[in-house]
$ cat entry-v8.cif   # mmCIF, C-alpha atoms and all ligand atoms
data_start
loop_
_atom_site.label_atom_id
_atom_site.label_comp_id
_atom_site.auth_asym_id
_atom_site.auth_seq_id
_atom_site.Cartn_x
_atom_site.Cartn_y
_atom_site.Cartn_z
CA MET F 177 16.03 -4.37 36.53
CA GLU F 178 15.22 -7.43 34.42
CA VAL F 179 11.55 -8.27 33.87
CA GLY F 180 9.62 -10.79 31.82
CA PHE F 181 6.49 -9.65 30.01
CA LEU F 182 3.71 -12.01 28.88
CA GLY F 183 1.05 -10.68 26.51
CA LEU F 184 1.75 -8.06 23.84
CA GLY F 185 -1.76 -6.89 22.97
CA ILE F 186 -2.76 -3.22 22.87
CA MET F 187 -1.78 -2.67 26.50
CA GLY F 188 1.06 -5.15 26.93
CA LYS F 189 2.95 -3.89 23.91
CA ALA F 190 2.77 -0.25 25.05
CA MET F 191 3.80 -1.18 28.60
CA ALA F 192 6.72 -3.37 27.51
CA VAL F 193 7.96 -0.62 25.16
CA ASN F 194 7.82 1.84 28.04
CA LEU F 195 9.89 -0.42 30.25
CA LEU F 196 12.49 -0.83 27.48
CA ARG F 197 12.65 2.93 26.91
CA ASN F 198 13.28 3.44 30.58
CA GLY F 199 16.25 1.12 30.80
CA PHE F 200 14.62 -2.14 31.88
CA SER F 201 15.89 -5.34 30.39
CA VAL F 202 12.73 -7.04 29.08
CA THR F 203 12.13 -10.61 27.92
CA VAL F 204 8.80 -10.92 26.13
CA TRP F 205 6.45 -13.72 25.17
CA ASN F 206 3.19 -13.60 23.29
CA ARG F 207 0.85 -16.45 22.26
CA THR F 208 1.19 -15.24 18.67
CA LEU F 209 4.97 -15.23 18.81
CA SER F 210 5.40 -13.07 15.67
CA LYS F 211 4.17 -10.07 17.68
CA CYS F 212 7.41 -10.23 19.68
CA GLN F 213 9.47 -9.03 16.70
CA GLU F 214 8.46 -5.39 17.07
CA LEU F 215 9.69 -5.49 20.65
CA VAL F 216 12.93 -7.22 19.65
CA ALA F 217 13.58 -4.29 17.31
CA GLN F 218 13.38 -2.07 20.39
CA GLY F 219 15.81 -4.16 22.42
CA ALA F 220 13.73 -6.94 23.98
CA SER F 221 14.72 -10.60 24.20
CA VAL F 222 12.18 -13.34 23.47
CA GLY F 223 11.23 -16.32 25.61
CA GLU F 224 9.78 -19.25 23.68
CA THR F 225 7.22 -20.03 26.39
CA PRO F 226 5.90 -18.43 29.60
CA ALA F 227 7.96 -21.00 31.52
CA ALA F 228 11.12 -19.93 29.68
CA VAL F 229 10.48 -16.29 30.55
CA VAL F 230 9.96 -17.08 34.24
CA ASN F 231 13.07 -19.26 34.25
CA LYS F 232 15.11 -16.31 32.96
CA CYS F 233 13.60 -13.45 34.98
CA LYS F 234 13.21 -12.83 38.69
CA TYR F 235 10.04 -10.81 38.01
CA THR F 236 7.42 -11.55 35.34
CA ILE F 237 4.48 -9.31 34.43
CA ALA F 238 1.41 -10.57 32.55
CA MET F 239 -1.15 -8.50 30.60
CA LEU F 240 -3.66 -10.93 29.11
CA SER F 241 -7.17 -10.66 27.74
CA ASP F 242 -9.39 -12.38 30.30
CA PRO F 243 -9.63 -14.99 33.09
CA SER F 244 -9.30 -17.91 30.72
CA ALA F 245 -6.08 -16.50 29.18
CA ALA F 246 -4.67 -15.59 32.60
CA LEU F 247 -5.28 -19.15 33.88
CA SER F 248 -3.99 -20.81 30.74
CA VAL F 249 -0.66 -18.97 30.79
CA VAL F 250 -0.06 -20.05 34.38
CA PHE F 251 -1.44 -23.60 34.49
CA ASP F 252 -1.04 -25.03 30.97
CA LYS F 253 1.98 -26.92 29.65
CA ASP F 254 5.05 -24.66 29.44
CA GLY F 255 3.23 -22.25 31.72
CA VAL F 256 4.43 -19.98 34.51
CA LEU F 257 3.89 -22.62 37.19
CA GLU F 258 6.54 -24.90 35.75
CA GLN F 259 9.34 -22.45 36.60
CA ILE F 260 8.05 -20.25 39.41
CA CYS F 261 9.99 -20.90 42.62
CA THR F 262 11.23 -19.28 45.79
CA GLY F 263 12.55 -15.78 45.15
CA LYS F 264 10.60 -15.18 41.94
CA GLY F 265 7.65 -12.80 41.58
CA TYR F 266 4.62 -12.97 39.26
CA VAL F 267 2.57 -9.82 38.67
CA ASP F 268 -0.71 -10.22 36.80
CA MET F 269 -1.93 -6.87 35.46
CA SER F 270 -4.81 -8.34 33.39
CA THR F 271 -8.39 -7.45 34.33
CA VAL F 272 -9.85 -10.61 35.86
CA ASP F 273 -12.21 -11.49 38.71
CA ALA F 274 -11.05 -12.05 42.29
CA ASP F 275 -11.55 -15.86 42.08
CA THR F 276 -9.23 -16.16 39.10
CA SER F 277 -6.65 -14.02 40.82
CA SER F 278 -6.90 -16.10 44.01
CA LYS F 279 -6.44 -19.36 42.10
CA ILE F 280 -3.30 -17.99 40.47
CA SER F 281 -2.04 -16.59 43.76
CA LYS F 282 -2.47 -19.92 45.58
CA ALA F 283 -0.66 -21.82 42.84
CA ILE F 284 2.25 -19.38 42.68
CA THR F 285 2.68 -19.16 46.45
CA SER F 286 2.41 -22.95 46.84
CA LYS F 287 5.61 -23.13 44.79
CA GLY F 288 7.34 -20.54 46.95
CA GLY F 289 6.83 -17.63 44.53
CA TYR F 290 5.39 -14.18 45.27
CA PHE F 291 2.17 -12.98 43.67
CA LEU F 292 0.72 -9.55 43.05
CA GLU F 293 -2.39 -8.65 41.08
CA ALA F 294 -2.10 -5.19 39.56
CA PRO F 295 -4.87 -4.34 37.07
CA VAL F 296 -4.76 -0.86 35.65
CA SER F 297 -7.07 2.03 34.98
CA GLY F 298 -6.20 3.92 31.80
CA SER F 299 -6.13 2.82 28.20
CA LYS F 300 -3.78 2.69 25.20
CA LYS F 301 -2.55 6.31 25.33
CA PRO F 302 -1.93 6.37 29.11
CA ALA F 303 -0.11 3.04 28.67
CA GLU F 304 2.08 4.60 25.98
CA ASP F 305 2.70 7.66 28.13
CA GLY F 306 3.31 5.83 31.42
CA GLN F 307 0.20 7.41 32.94
CA LEU F 308 -1.71 4.34 34.13
CA VAL F 309 -3.30 4.03 37.57
CA ILE F 310 -2.17 0.76 39.14
CA LEU F 311 -4.51 -1.13 41.50
CA ALA F 312 -2.23 -3.62 43.24
CA ALA F 313 -2.98 -6.20 45.91
CA GLY F 314 -1.27 -9.29 47.26
CA GLU F 315 2.31 -9.66 48.46
CA LYS F 316 3.46 -6.31 49.84
CA ALA F 317 7.16 -7.14 49.48
CA LEU F 318 6.65 -7.81 45.77
CA TYR F 319 4.72 -4.56 45.45
CA GLU F 320 7.71 -2.74 46.90
CA ASP F 321 10.09 -4.54 44.55
CA MET F 322 7.90 -3.49 41.61
CA VAL F 323 7.78 0.22 42.49
CA PRO F 324 10.51 1.16 39.95
CA ALA F 325 8.53 -0.57 37.19
CA PHE F 326 5.20 0.86 38.38
CA ASN F 327 6.74 4.33 38.43
CA VAL F 328 7.53 3.92 34.73
CA LEU F 329 4.16 2.40 33.81
CA GLY F 330 1.89 4.59 35.85
CA LYS F 331 1.25 7.99 37.40
CA LYS F 332 -0.04 6.51 40.66
CA SER F 333 -0.08 3.09 42.32
CA PHE F 334 -2.46 1.97 45.04
CA PHE F 335 -1.73 -1.00 47.32
CA LEU F 336 -5.15 -2.36 48.29
CA GLY F 337 -4.29 -5.22 50.65
CA GLU F 338 -5.21 -8.85 50.10
CA VAL F 339 -5.45 -10.59 46.72
CA GLY F 340 -8.83 -9.89 45.13
CA ASN F 341 -9.11 -6.28 46.21
CA GLY F 342 -7.27 -5.00 43.13
CA ALA F 343 -9.45 -7.11 40.84
CA LYS F 344 -12.63 -5.95 42.57
CA MET F 345 -11.64 -2.27 42.48
CA LYS F 346 -10.88 -2.53 38.77
CA LEU F 347 -14.25 -4.16 38.06
CA VAL F 348 -16.14 -1.50 40.00
CA VAL F 349 -14.33 1.24 38.06
CA ASN F 350 -15.04 -0.40 34.69
CA MET F 351 -18.67 -1.08 35.60
CA ILE F 352 -19.10 2.67 36.14
CA MET F 353 -17.20 3.42 32.93
CA GLY F 354 -19.35 1.08 30.83
CA SER F 355 -22.55 2.60 32.20
CA MET F 356 -21.21 6.11 31.54
CA MET F 357 -20.43 5.17 27.95
CA ASN F 358 -24.03 4.02 27.45
CA ALA F 359 -25.34 7.22 29.03
CA LEU F 360 -23.16 9.35 26.74
CA SER F 361 -24.37 7.40 23.73
CA GLU F 362 -28.02 7.86 24.68
CA GLY F 363 -27.39 11.56 25.26
CA LEU F 364 -25.83 11.95 21.80
CA CYS F 365 -28.83 10.18 20.25
CA LEU F 366 -31.31 12.29 22.20
CA ALA F 367 -29.55 15.49 21.17
CA ASP F 368 -29.55 14.41 17.54
CA LYS F 369 -33.17 13.25 17.44
CA SER F 370 -34.35 16.45 19.11
CA GLY F 371 -32.59 18.66 16.60
CA LEU F 372 -29.54 19.66 18.65
CA SER F 373 -25.91 19.63 17.60
CA GLN F 374 -24.06 16.68 19.10
CA GLN F 375 -20.81 18.66 19.05
CA THR F 376 -22.47 21.46 21.01
CA LEU F 377 -23.67 18.88 23.54
CA LEU F 378 -20.04 17.72 23.95
CA ASP F 379 -18.90 21.34 24.36
CA VAL F 380 -21.53 21.92 27.05
CA LEU F 381 -20.62 18.69 28.88
CA GLU F 382 -16.94 19.62 28.80
CA LEU F 383 -17.61 22.82 30.75
CA GLY F 384 -19.91 21.39 33.41
CA ALA F 385 -19.92 19.17 36.48
CA ILE F 386 -19.81 15.92 34.49
CA ALA F 387 -16.84 16.86 32.29
CA ASN F 388 -14.46 13.92 32.07
CA PRO F 389 -11.56 12.72 29.89
CA MET F 390 -13.57 9.81 28.43
CA PHE F 391 -16.38 11.98 27.02
CA LYS F 392 -13.76 14.41 25.69
CA LEU F 393 -11.67 11.68 24.05
CA LYS F 394 -14.38 9.40 22.66
CA GLY F 395 -17.28 11.80 21.99
CA PRO F 396 -15.98 13.49 18.81
CA ALA F 397 -15.11 10.13 17.20
CA MET F 398 -18.51 8.68 18.16
CA ILE F 399 -20.23 11.52 16.33
CA GLN F 400 -18.22 10.47 13.26
CA ASN F 401 -19.17 6.77 13.78
CA SER F 402 -15.47 6.04 14.25
CA TYR F 403 -14.32 3.49 16.84
CA PRO F 404 -10.57 2.76 16.48
CA PRO F 405 -9.83 0.19 19.20
CA ALA F 406 -8.10 1.49 22.32
CA PHE F 407 -10.17 -0.57 24.76
CA PRO F 408 -11.80 -3.41 22.80
CA LEU F 409 -15.55 -3.71 23.34
CA LYS F 410 -15.27 -7.47 24.00
CA HIS F 411 -13.10 -6.68 27.05
CA GLN F 412 -15.52 -4.04 28.35
CA GLN F 413 -18.34 -6.59 28.09
CA LYS F 414 -16.18 -9.11 29.97
CA ASP F 415 -15.67 -6.52 32.72
CA MET F 416 -19.41 -5.75 32.92
CA ARG F 417 -20.11 -9.48 33.17
CA LEU F 418 -17.54 -9.94 35.94
CA ALA F 419 -18.76 -6.83 37.78
CA LEU F 420 -22.35 -8.10 37.62
CA ALA F 421 -21.18 -11.42 39.07
CA LEU F 422 -19.53 -9.46 41.91
CA GLY F 423 -22.88 -7.72 42.39
CA ASP F 424 -24.62 -11.11 42.55
CA GLU F 425 -22.18 -12.35 45.18
CA ASN F 426 -22.80 -9.28 47.32
CA ALA F 427 -26.55 -8.94 46.65
CA VAL F 428 -26.03 -5.53 45.08
CA SER F 429 -28.74 -4.64 42.57
CA MET F 430 -27.22 -2.95 39.51
CA PRO F 431 -29.96 -2.32 36.94
CA ILE F 432 -27.99 0.36 35.11
CA ALA F 433 -24.95 -1.89 34.72
CA ALA F 434 -27.19 -4.79 33.67
CA ALA F 435 -28.80 -2.72 30.92
CA SER F 436 -25.38 -1.52 29.77
CA ASN F 437 -24.13 -5.09 29.69
CA GLU F 438 -27.01 -6.02 27.40
CA ALA F 439 -26.01 -3.27 24.99
CA PHE F 440 -22.37 -4.44 24.99
CA LYS F 441 -23.52 -8.04 24.46
CA LYS F 442 -25.70 -6.96 21.55
CA ALA F 443 -22.73 -5.09 20.06
CA ARG F 444 -20.61 -8.24 20.33
CA SER F 445 -23.32 -10.27 18.63
CA LEU F 446 -23.18 -7.78 15.76
CA GLY F 447 -19.45 -8.39 15.33
CA LEU F 448 -18.30 -5.14 16.96
CA GLY F 449 -16.23 -6.81 19.72
CA ASP F 450 -12.83 -5.86 18.32
CA LEU F 451 -13.75 -2.19 17.89
CA ASP F 452 -13.39 0.30 20.72
CA PHE F 453 -16.02 -0.05 23.45
CA SER F 454 -17.51 3.27 22.29
CA ALA F 455 -18.90 1.24 19.35
CA VAL F 456 -21.79 0.41 21.68
CA HIS F 457 -23.05 3.69 20.21
CA GLU F 458 -24.05 1.73 17.09
CA VAL F 459 -26.40 -0.43 19.19
CA VAL F 460 -27.86 2.52 21.07
CA LYS F 461 -28.40 4.43 17.80
CA ALA F 462 -30.05 1.42 16.15
CA ALA F 463 -32.44 1.00 19.10
CA LYS F 464 -33.44 4.68 18.95
CA ASP F 465 -33.96 4.43 15.18
CA SER F 466 -36.24 1.40 15.53
CA ASP F 467 -38.17 3.08 18.41
CA SER F 468 -38.93 6.08 16.24
CA ALA F 469 -39.75 4.04 13.08
N1 LIG Q 1 -7.13 -1.79 26.15
C1 LIG Q 1 -7.38 -1.11 27.26
O1 LIG Q 1 -7.70 0.08 27.19
C2 LIG Q 1 -7.28 -1.73 28.59
C3 LIG Q 1 -7.30 -3.09 28.79
N2 LIG Q 1 -7.21 -3.58 30.05
C4 LIG Q 1 -7.20 -5.01 30.29
O2 LIG Q 1 -5.89 -5.46 29.97
C5 LIG Q 1 -5.93 -6.77 29.40
C6 LIG Q 1 -5.31 -6.73 28.01
O3 LIG Q 1 -6.06 -5.82 27.23
P1 LIG Q 1 -5.63 -5.45 25.74
O4 LIG Q 1 -4.16 -5.34 25.63
O5 LIG Q 1 -6.49 -4.31 25.35
O6 LIG Q 1 -6.14 -6.74 24.97
P2 LIG Q 1 -5.73 -7.33 23.55
O7 LIG Q 1 -6.93 -8.08 23.09
O8 LIG Q 1 -5.16 -6.29 22.68
O9 LIG Q 1 -4.56 -8.37 23.93
C7 LIG Q 1 -4.84 -9.56 24.60
C8 LIG Q 1 -3.56 -10.31 24.87
O10 LIG Q 1 -3.90 -11.56 25.51
C9 LIG Q 1 -3.34 -12.64 24.75
N3 LIG Q 1 -4.18 -13.83 24.85
C10 LIG Q 1 -5.50 -13.94 24.62
N4 LIG Q 1 -5.93 -15.19 24.87
C11 LIG Q 1 -4.84 -15.91 25.25
C12 LIG Q 1 -4.63 -17.25 25.66
N5 LIG Q 1 -5.64 -18.13 25.72
N6 LIG Q 1 -3.39 -17.62 25.99
C13 LIG Q 1 -2.37 -16.73 25.93
N7 LIG Q 1 -2.50 -15.43 25.59
C14 LIG Q 1 -3.72 -15.02 25.25
C15 LIG Q 1 -3.29 -12.11 23.32
O11 LIG Q 1 -2.39 -12.89 22.56
P3 LIG Q 1 -2.48 -12.93 20.95
O12 LIG Q 1 -1.72 -11.73 20.46
O13 LIG Q 1 -1.85 -14.22 20.57
O14 LIG Q 1 -3.94 -12.87 20.59
C16 LIG Q 1 -2.78 -10.69 23.60
O15 LIG Q 1 -1.42 -10.68 23.89
C17 LIG Q 1 -7.41 -7.18 29.43
O16 LIG Q 1 -7.64 -7.90 30.61
C18 LIG Q 1 -8.14 -5.85 29.45
O17 LIG Q 1 -9.42 -5.95 30.03
C19 LIG Q 1 -7.05 -2.78 31.15
C20 LIG Q 1 -7.01 -1.43 31.01
C21 LIG Q 1 -7.17 -0.80 29.73
O1 LIG Q 2 -10.01 -1.44 31.31
C1 LIG Q 2 -9.93 -0.47 30.54
C2 LIG Q 2 -9.97 0.87 31.04
C3 LIG Q 2 -9.92 1.91 29.97
C4 LIG Q 2 -9.75 3.27 30.60
O2 LIG Q 2 -9.56 3.38 31.82
O3 LIG Q 2 -9.80 4.24 29.83
#
$ encode --input "entry-v8.cif" --output "structure tokens"
Amino acid sequence: MEVGFLGLGIMGKAMAVNLLRNGFSVTVWNRTLSKCQELVAQGASVGETPAAVVNKCKYTIAMLSDPSAALSVVFDKDGVLEQICTGKGYVDMSTVDADTSSKISKAITSKGGYFLEAPVSGSKKPAEDGQLVILAAGEKALYEDMVPAFNVLGKKSFFLGEVGNGAKMKLVVNMIMGSMMNALSEGLCLADKSGLSQQTLLDVLELGAIANPMFKLKGPAMIQNSYPPAFPLKHQQKDMRLALALGDENAVSMPIAAASNEAFKKARSLGLGDLDFSAVHEVVKAAKDSDSA
């Protein structure tokens, strides 16, 4: 199966490599074109523009940072829209809001193309290991065509119906995740300030009802003030912002998410946006230090 792949950031690179390793023929494009070279070394071809990739491939996947990037790659000069046509499919796996996804869907389908949104749950390591959870919605026939690729990229795919449902599900999941990260950070601070071992707290959590892979993976590094980026904090803040907007639209009060968003925003303002989202711990710690001063 030949696929195009647009966007070789933390996630896109790992996903494209996985497709190559599993026998897919992959043509890649990235805004910073030099990042394509690592993929070429692993057997990929390069398209000079998104339009060139779509022209070459029946199916094109995108994994881009945010709504503005997702729109730009489709609508700008040399973008996807210039070459999409009947018989071609476009699969956007970026985390965006439902409105962005709908705009892209309408544009693609107006040219006769098929559109699927397919954001993912799971981070850098699951992307490398083909263990993502895929939250697809849109054109069912395209979903079925993509099953061989989704089986390589993920451990489970959901088809959630009409365009927007995948985006919304992803935002709900990440809203919960961002709030959980803030709760873990506060817990680590509380343990520390009250004379308890943070590592022992993690050991206790791991054995109880709220054990989860995120606490297990991120907790030990947080204790060491280490935040190597797997899921960049700037993207988590974008997801909190988009989830809060979804809450506004539906009149759902989300005070916990709103407070967490403020902490992520503060972290961004301190220049921590490119670190892992667990770096919000620095903001939570600083607040606790100033409270006790
Ligand atoms: N990291 C993670 O754990 C996860 C991330 N996601 C989501 O996946 C998406 C990608 O995340 P991730 O790989 O971590 O992000 P990165 O920041 O590592 O990569 C972002 C990608 O988007 C490209 N890009 C940014 N702006 C533009 C633009 N205006 N036009 C064209 N391309 C652009 C970047 O190109 P360039 O190299 O030129 O900067 C890069 O290829 C995001 O929506 C994120 O929320 C979903 C699940 C997990
Ligand atoms: O959007 C990012 C999700 C990260 C994760 O699921 O671990």
$ residues_near_ligand --input "entry-v8.cif" --ligand "ligand LIG 2 (chain Q)" --cutoff "7 Å" --atoms "only C-alpha atoms and all ligand atoms" --output "list of chain:residue names"
F:Thr271, F:Val296, F:Ser297, F:Gly298, F:Ser299, F:Asn350, F:Met390, F:Phe407, F:Gln412
$ residues_around --input "entry-v8.cif" --residues "Gly314 of chain F" --least-positions-apart "5" --cutoff "6 Å" --atoms "all atoms listed in the file" --output "PyMOL selection string"
chain F and resi 292+338-339
$ axis_aligned_box --input "entry-v8.cif" --around "ligand LIG 1 (chain Q)" --padding-each-side "6 Å" --output "lines of an AutoDock Vina configuration file"
center_x = -5.4
center_y = -9.0
center_z = 25.8
size_x = 20.0
size_y = 30.2
size_z = 22.7
$ closest_atom_pairs --input "entry-v8.cif" --of "segment 273-391 of chain F" --to "segment 452-465 of chain F" --cutoff "8 Å" --atoms "only C-alpha atoms" --output "CSV"
residue,atom,partner,partner_atom,distance
F:Met357,CA,F:Ser454,CA,6.6
F:Asn358,CA,F:Val456,CA,7.2
F:Ser361,CA,F:His457,CA,5.3
F:Glu362,CA,F:Val460,CA,6.4
F:Cys365,CA,F:Lys461,CA,6.3
$ atom_distance --input "entry-v8.cif" --atom1 "atom CA of Ala367 of chain F" --atom2 "atom CA of Ala439 of chain F"
19.5 Å
$ closest_residue --input "entry-v8.cif" --among "F:Gln307, F:Asn341, F:Asn388, F:Asn206" --to "Phe326 of chain F" --atoms "all atoms listed in the file"
F:Gln307
$ atom_distance --input "entry-v8.cif" --atom1 "atom CA of Thr203 of chain F" --atom2 "atom CA of Leu215 of chain F"
9.2 Å
$ residues_near_ligand --input "entry-v8.cif" --ligand "ligand LIG 1 (chain Q)" --cutoff "6 Å" --atoms "only C-alpha atoms and all ligand atoms" --output "NGL selection string"
:F and (183-188 or 206-208 or 239-242 or 245 or 248-249 or 270-271 or 296-300 or 406-408 or 411)
$ write_last_selection --input "entry-v8.cif" --atoms "C-alpha atoms" --output "tab-separated table (two decimals), in the frame of the given file"
chain	number	residue	atom	x	y	z
F	183	GLY	CA	1.05	-10.68	26.51
F	184	LEU	CA	1.75	-8.06	23.84
F	185	GLY	CA	-1.76	-6.89	22.97
F	186	ILE	CA	-2.76	-3.22	22.87
F	187	MET	CA	-1.78	-2.67	26.50
F	188	GLY	CA	1.06	-5.15	26.93
F	206	ASN	CA	3.19	-13.60	23.29
F	207	ARG	CA	0.85	-16.45	22.26
F	208	THR	CA	1.19	-15.24	18.67
F	239	MET	CA	-1.15	-8.50	30.60
F	240	LEU	CA	-3.66	-10.93	29.11
F	241	SER	CA	-7.17	-10.66	27.74
F	242	ASP	CA	-9.39	-12.38	30.30
F	245	ALA	CA	-6.08	-16.50	29.18
F	248	SER	CA	-3.99	-20.81	30.74
F	249	VAL	CA	-0.66	-18.97	30.79
F	270	SER	CA	-4.81	-8.34	33.39
F	271	THR	CA	-8.39	-7.45	34.33
F	296	VAL	CA	-4.76	-0.86	35.65
F	297	SER	CA	-7.07	2.03	34.98
F	298	GLY	CA	-6.20	3.92	31.80
F	299	SER	CA	-6.13	2.82	28.20
F	300	LYS	CA	-3.78	2.69	25.20
F	406	ALA	CA	-8.10	1.49	22.32
F	407	PHE	CA	-10.17	-0.57	24.76
F	408	PRO	CA	-11.80	-3.41	22.80
F	411	HIS	CA	-13.10	-6.68	27.05
$ atom_distance --input "entry-v8.cif" --atom1 "atom CA of Gly255 of chain F" --atom2 "atom CA of Ala228 of chain F"
8.5 Å
$ residues_near_point --input "entry-v8.cif" --point "(-19.2, 2.2, 33.1)" --cutoff "12 Å" --atoms "only C-alpha atoms" --output "JSON, numbers by chain"
{"F": [346, 347, 348, 349, 350, 351, 352, 353, 354, 355, 356, 357, 358, 359, 360, 361, 390, 391, 409, 412, 413, 415, 416, 417, 419, 420, 430, 432, 433, 434, 435, 436, 437, 439, 440, 453, 454, 456]}
$ closest_residue --input "entry-v8.cif" --among "F:Asn327, F:Ser333, F:Gln259, F:Thr376" --to "Ile310 of chain F" --atoms "only C-alpha atoms"
F:Ser333
$ residues_around --input "entry-v8.cif" --residues "segment 277-282 of chain F" --least-positions-apart "4" --cutoff "8 Å" --atoms "only C-alpha atoms" --output "list in words"
Leu247, Val250, Val272, Asp273, Ser286, Tyr290, Phe291, Leu292, Glu293, Val339, Gly340 and Ala343 of chain F
$ write_last_selection --input "entry-v8.cif" --atoms "C-alpha atoms" --output "short mmCIF file (atom, residue, chain, number, x, y, z; two decimals), keeping the file's coordinate frame"
data_model
loop_
_atom_site.label_atom_id
_atom_site.label_comp_id
_atom_site.auth_asym_id
_atom_site.auth_seq_id
_atom_site.Cartn_x
_atom_site.Cartn_y
_atom_site.Cartn_z
CA LEU F 247 -5.28 -19.15 33.88
CA VAL F 250 -0.06 -20.05 34.38
CA VAL F 272 -9.85 -10.61 35.86
CA ASP F 273 -12.21 -11.49 38.71
CA SER F 286 2.41 -22.95 46.84
CA TYR F 290 5.39 -14.18 45.27
CA PHE F 291 2.17 -12.98 43.67
CA LEU F 292 0.72 -9.55 43.05
CA GLU F 293 -2.39 -8.65 41.08
CA VAL F 339 -5.45 -10.59 46.72
CA GLY F 340 -8.83 -9.89 45.13
CA ALA F 343 -9.45 -7.11 40.84
#
$ closest_residue --input "entry-v8.cif" --among "F:Pro243, F:Pro396, F:Gly447, F:Gly330" --to "Gln374 of chain F" --atoms "all atoms listed in the file"
F:Pro396
$ closest_residue --input "entry-v8.cif" --among "F:Glu304, F:Glu382, F:Glu438, F:Asp252" --to "Lys331 of chain F" --atoms "all atoms listed in the file"
F:Glu304
$ closest_residue --input "entry-v8.cif" --among "F:Gln375, F:Ala443, F:Pro302, F:Lys369" --to "Pro389 of chain F" --atoms "all atoms listed in the file"
F:Pro302
$ closest_residue --input "entry-v8.cif" --among "F:Gly180, F:Gly263, F:Gly199, F:Gly223" --to "Lys287 of chain F" --atoms "only C-alpha atoms"
F:Gly263
$ build_atoms --input "entry-v8.cif" --residues "segment 272-284 of chain F" --atoms "N, CA and C atoms" --output "compact mmCIF listing (two decimals), in the frame of the given file"
# COMPACT_ATOMS: atom_id res chain seq x y z
N VAL F 272 -9.17 -9.34 35.62
CA VAL F 272 -9.85 -10.61 35.86
C VAL F 272 -10.69 -10.47 37.14
N ASP F 273 -11.42 -11.51 37.47
CA ASP F 273 -12.21 -11.49 38.71
C ASP F 273 -11.34 -11.97 39.88
N ALA F 274 -11.84 -11.73 41.09
CA ALA F 274 -11.05 -12.05 42.29
C ALA F 274 -10.80 -13.55 42.42
N ASP F 275 -11.75 -14.40 41.98
CA ASP F 275 -11.55 -15.86 42.08
C ASP F 275 -10.39 -16.31 41.22
N THR F 276 -10.34 -15.80 40.01
CA THR F 276 -9.23 -16.16 39.10
C THR F 276 -7.90 -15.74 39.72
N SER F 277 -7.88 -14.54 40.23
CA SER F 277 -6.65 -14.02 40.82
C SER F 277 -6.22 -14.87 42.02
N SER F 278 -7.21 -15.27 42.83
CA SER F 278 -6.90 -16.10 44.01
C SER F 278 -6.36 -17.45 43.61
N LYS F 279 -6.94 -18.05 42.57
CA LYS F 279 -6.44 -19.36 42.10
C LYS F 279 -4.98 -19.23 41.68
N ILE F 280 -4.68 -18.19 40.94
CA ILE F 280 -3.30 -17.99 40.47
C ILE F 280 -2.38 -17.74 41.66
N SER F 281 -2.85 -16.92 42.57
CA SER F 281 -2.04 -16.59 43.76
C SER F 281 -1.70 -17.85 44.55
N LYS F 282 -2.71 -18.69 44.78
CA LYS F 282 -2.47 -19.92 45.58
C LYS F 282 -1.45 -20.81 44.89
N ALA F 283 -1.59 -20.95 43.57
CA ALA F 283 -0.66 -21.82 42.84
C ALA F 283 0.76 -21.28 42.89
N ILE F 284 0.90 -19.99 42.70
CA ILE F 284 2.25 -19.38 42.68
C ILE F 284 2.88 -19.50 44.08
